[in-house]
Amino acid sequence: MKRVHVHLARAIEQALVQMGVNAPTVTLEKPRDAAHGDIATNAALVHSKQVGKPPRQIADALVSTMQLDPRLVKCEGVAGPGFINFRFADAYLQSIAELAFKTKDSYGTTNDLSGKRVLIEFVSANPTGPLNVVSARAAAVGDSLTRIFRALGAECYSEFYVNDAGNQVELLGQSVLARYSSILGRESEVPEGGYHGEYISEFAQQLVAEHGDKYLKMEPSVAAEQLGRMAIERHIEMHRKSLEHFRVTMNQWFRESALRSSNAEWEAFKVLEQRGTIFEKDGAKFVRTSEFGDGQDWVVVTSQGKPTYFLPDIAYHWDKFRRGYDNIIDILGPDHHAYLTKMAAAMSALGEDATRLEIMLLQHINLLRDGEPVKMSKRAGQIVEMDELLDEVGIDAARYFFLLRRTSTPLDFDIELAKRQSDDNPVFYVQYAHARIESIFKRGEVDAPQRPQHLELLTHSEELTLLRRLRELGDVMNECAFSRDPHAMTVWLREVAAQFHRFYHHCRVLTTPAELQTARLCLCRATQIALQRGLALCGVSAPTEM
RNA sequence: ACCCCCGUAGCUCAGUGGAUAGAGCACCGGCCUCCGGAGCCGGGAGCAUGGGUUCGAGUCCCGUCGGGGGUGCCA
């Protein structure tokens, strides 16, 4: 899909060399205003100083020197301070439809990132309860990003870090034990900072039904420990199921407990110590992160001799570094903003190249119902579970809505809007365009074309504009990967759908002369392929009727 | 106190340092003997603020104001 750009850049470079420029740098950009054409270059402005002539004069010279392939691109002349504008040749745009037929399910796939190894860690919710809607946004974003990276040829892995060790396991066990004891008639309180959710009571009920008062007869601390472990495993399984249902499959579930049993945290500590980056103060052990770009030093071992959460986290990230990825991406909630400098400093302290680590902060979501905020309070156990949301609005709407805003922006998720079957629902609007195309084939009693034919007849401006849109998929994928944000895909999908409706309104498909009808049916089919592909990268289905 | 994110149209948001800043809702005005009107065509209105960097800034840097969130040997 880049062949026009490659051709054009080369032609401009050669023309510049002929004018005496050595090692010219040519950048091509998309003009903001479509009236200026499809591609523009500022080459004349950039090289003005070196050539020693005003930009417009250079631009004129370039235009007359350049050798362009008329089947790919044509020059539209010089504009403004010295921009040179170009427009795709009709033949090239028509070939986009041909490409869609040829590539089908892999339309837009490139090898732009082939050879890159990328790891994306996301969700990583604590296994102390079911997944809530906060995790759902991370799941949608992380999984879509993974799909996009793969479509660009990268070797991309998704990973869930499971915090199945530490204080919270005990606390969880005590919480379960408290509920369990209450059911069996022994009054007991959920401990300070414990878990109050409905799911705890449900689990306790289940335990009573299956095991009777078995755990009441045990030493309470032993019972709590065992119950905590069981609850953790139960929750991990719930997480896995919820994510699978949400069309998210993790390549790896990395357990903190495995890290601990292999002593990896102390190994990391030892190396930090050997590198002279550990010091003691008030009985606690600090890592000298301030020497590696952070504003302060952090405790890794408390004065009680216990590791803080930071130490296993360091060990975990070190493990990821040593697995040899080019990019190690963490998608975290906005409360982790201090994490990047902190963790990057720790990695530097271990002697790693910390620039490989990226922390993406995903802003929160506000659930709305008809514009009114839905109250969420974790403390009171009134969290909205991910599964509840999916049951209500459906997977397609949920996945798409979570991508509608940039990750750096808080997201208002209106439940009623997501359920609405009308064009103000963005996911509906896009899926509708896809279904509408299908209905054209049905209505015309024609099968969807299997191969491209008569594409040269697609010369109407709405047809060509639609083809332009379809061409952009590869660009959009690259943009998403570069910004680590799949949001741009939803913008593109909406524009493709809108342009399809425009084309459809202006150009009759059925009841036109046979060859033109065939050509337009091909364009419809190509649009379907592109929509399917864009939706698939978002993890959203493309229904044929609705 | 410190840190992070965000201030673009009435509202929700787009906008890889480039030309006259774009959509969708909402509002106003058109278009159904016509393949799905769940659509199409047209209209008004905007970069919080003060500096700086640059040939060129909504975009990069610093300050101010406003909104949201977070933090101190818990995870």
# chains A, B, ... in the order shown; residues from 1 in each chain; ligands from 1

call {"tool": "select_by_dssp", "arguments": {"residues": "stretch 302-471 of chain A", "states": "alpha helix (DSSP H)", "output": "ChimeraX atom specification"}}
result
/A:310-322,339-349,386-393,395-402,415-419,426-443,461-471

call {"tool": "select_by_dssp", "arguments": {"residues": "stretch 378-476 of chain A", "states": "strand (DSSP E)", "output": "ChimeraX atom specification"}}
result
/A:411-414

call {"tool": "residues_around", "arguments": {"residues": "B:C61", "least_positions_apart": "4", "cutoff": "12 Å", "atoms": "only C-alpha atoms (C1' of nucleotides)", "output": "JSON, numbers by chain"}}
result
{"B": [51, 52, 53, 57]}

call {"tool": "closest_residue", "arguments": {"among": "A:His487, A:Asp143, A:Phe482, A:Ile314", "to": "B:U16", "atoms": "only C-alpha atoms (C1' of nucleotides)"}}
result
A:Phe482

call {"tool": "interface_residues", "arguments": {"of": "chain B", "to": "chain A", "cutoff": "6 Å", "atoms": "only C-alpha atoms (C1' of nucleotides)", "output": "PDB file with C-alpha atoms (C1' of nucleotides), in the first residue's frame"}}
result
ATOM      1  C1'   C B   4       0.228  12.551  36.348  1.00  0.00           C
ATOM      2  C1'   A B  19      -1.715  25.602   3.568  1.00  0.00           C
ATOM      3  C1'   C B  35     -30.935  -0.632  -4.190  1.00  0.00           C
ATOM      4  C1'   A B  38     -30.848   3.228  10.714  1.00  0.00           C
ATOM      5  C1'   G B  70      -2.921  10.069  42.408  1.00  0.00           C
ATOM      6  C1'   C B  73       8.682   1.678  54.259  1.00  0.00           C
TER       7        C B  73
END

call {"tool": "residues_around", "arguments": {"residues": "stretch 225-242 of chain A", "least_positions_apart": "2", "cutoff": "7 Å", "atoms": "only C-alpha atoms (C1' of nucleotides)", "output": "PyMOL selection string"}}
result
chain A and resi 127-131+164+169-170+172-173+176+221-223+244-246+387

call {"tool": "write_last_selection", "arguments": {"atoms": "C-alpha atoms", "output": "CSV table (one decimal), in the first residue's frame"}}
result
chain,number,residue,atom,x,y,z
A,127,PRO,CA,-7.3,-12.0,41.9
A,128,THR,CA,-9.2,-10.8,44.9
A,129,GLY,CA,-12.6,-10.6,43.1
A,130,PRO,CA,-14.2,-10.7,39.7
A,131,LEU,CA,-13.0,-8.4,36.9
A,164,ASP,CA,-1.2,-14.3,43.7
A,169,VAL,CA,-4.0,-13.5,49.9
A,170,GLU,CA,-4.1,-13.6,53.7
A,172,LEU,CA,-8.7,-12.5,51.3
A,173,GLY,CA,-8.6,-15.8,53.2
A,176,VAL,CA,-13.7,-15.7,53.3
A,221,SER,CA,-4.6,-19.0,60.4
A,222,VAL,CA,-4.3,-22.4,58.6
A,223,ALA,CA,-7.9,-22.2,57.5
A,244,GLU,CA,-12.2,-15.3,26.9
A,245,HIS,CA,-15.8,-14.3,26.7
A,246,PHE,CA,-14.6,-10.8,25.8
A,387,ASP,CA,-19.6,-9.6,32.9

call {"tool": "residues_around", "arguments": {"residues": "stretch 514-527 of chain A", "least_positions_apart": "6", "cutoff": "9 Å", "atoms": "only C-alpha atoms (C1' of nucleotides)", "output": "number ranges by chain"}}
result
A: 94, 96-101, 104, 434, 437-438, 440-441, 448-458, 463, 466-467, 470, 496-497, 500, 507-508

call {"tool": "residues_around", "arguments": {"residues": "A:Glu76", "least_positions_apart": "4", "cutoff": "9 Å", "atoms": "only C-alpha atoms (C1' of nucleotides)", "output": "list in words"}}
result
His36, Gly37, Ile84, Asn85, Phe86 and Arg87 of chain A

call {"tool": "atom_distance", "arguments": {"atom1": "atom CA of A:Ser124", "atom2": "atom CA of A:Tyr161"}}
result
4.8 Å

call {"tool": "residues_around", "arguments": {"residues": "A:Val73", "least_positions_apart": "3", "cutoff": "10 Å", "atoms": "only C-alpha atoms (C1' of nucleotides)", "output": "VMD selection string"}}
result
chain A and resid 4 to 5 7 to 8 38 to 39 68 to 70 76 86 to 93
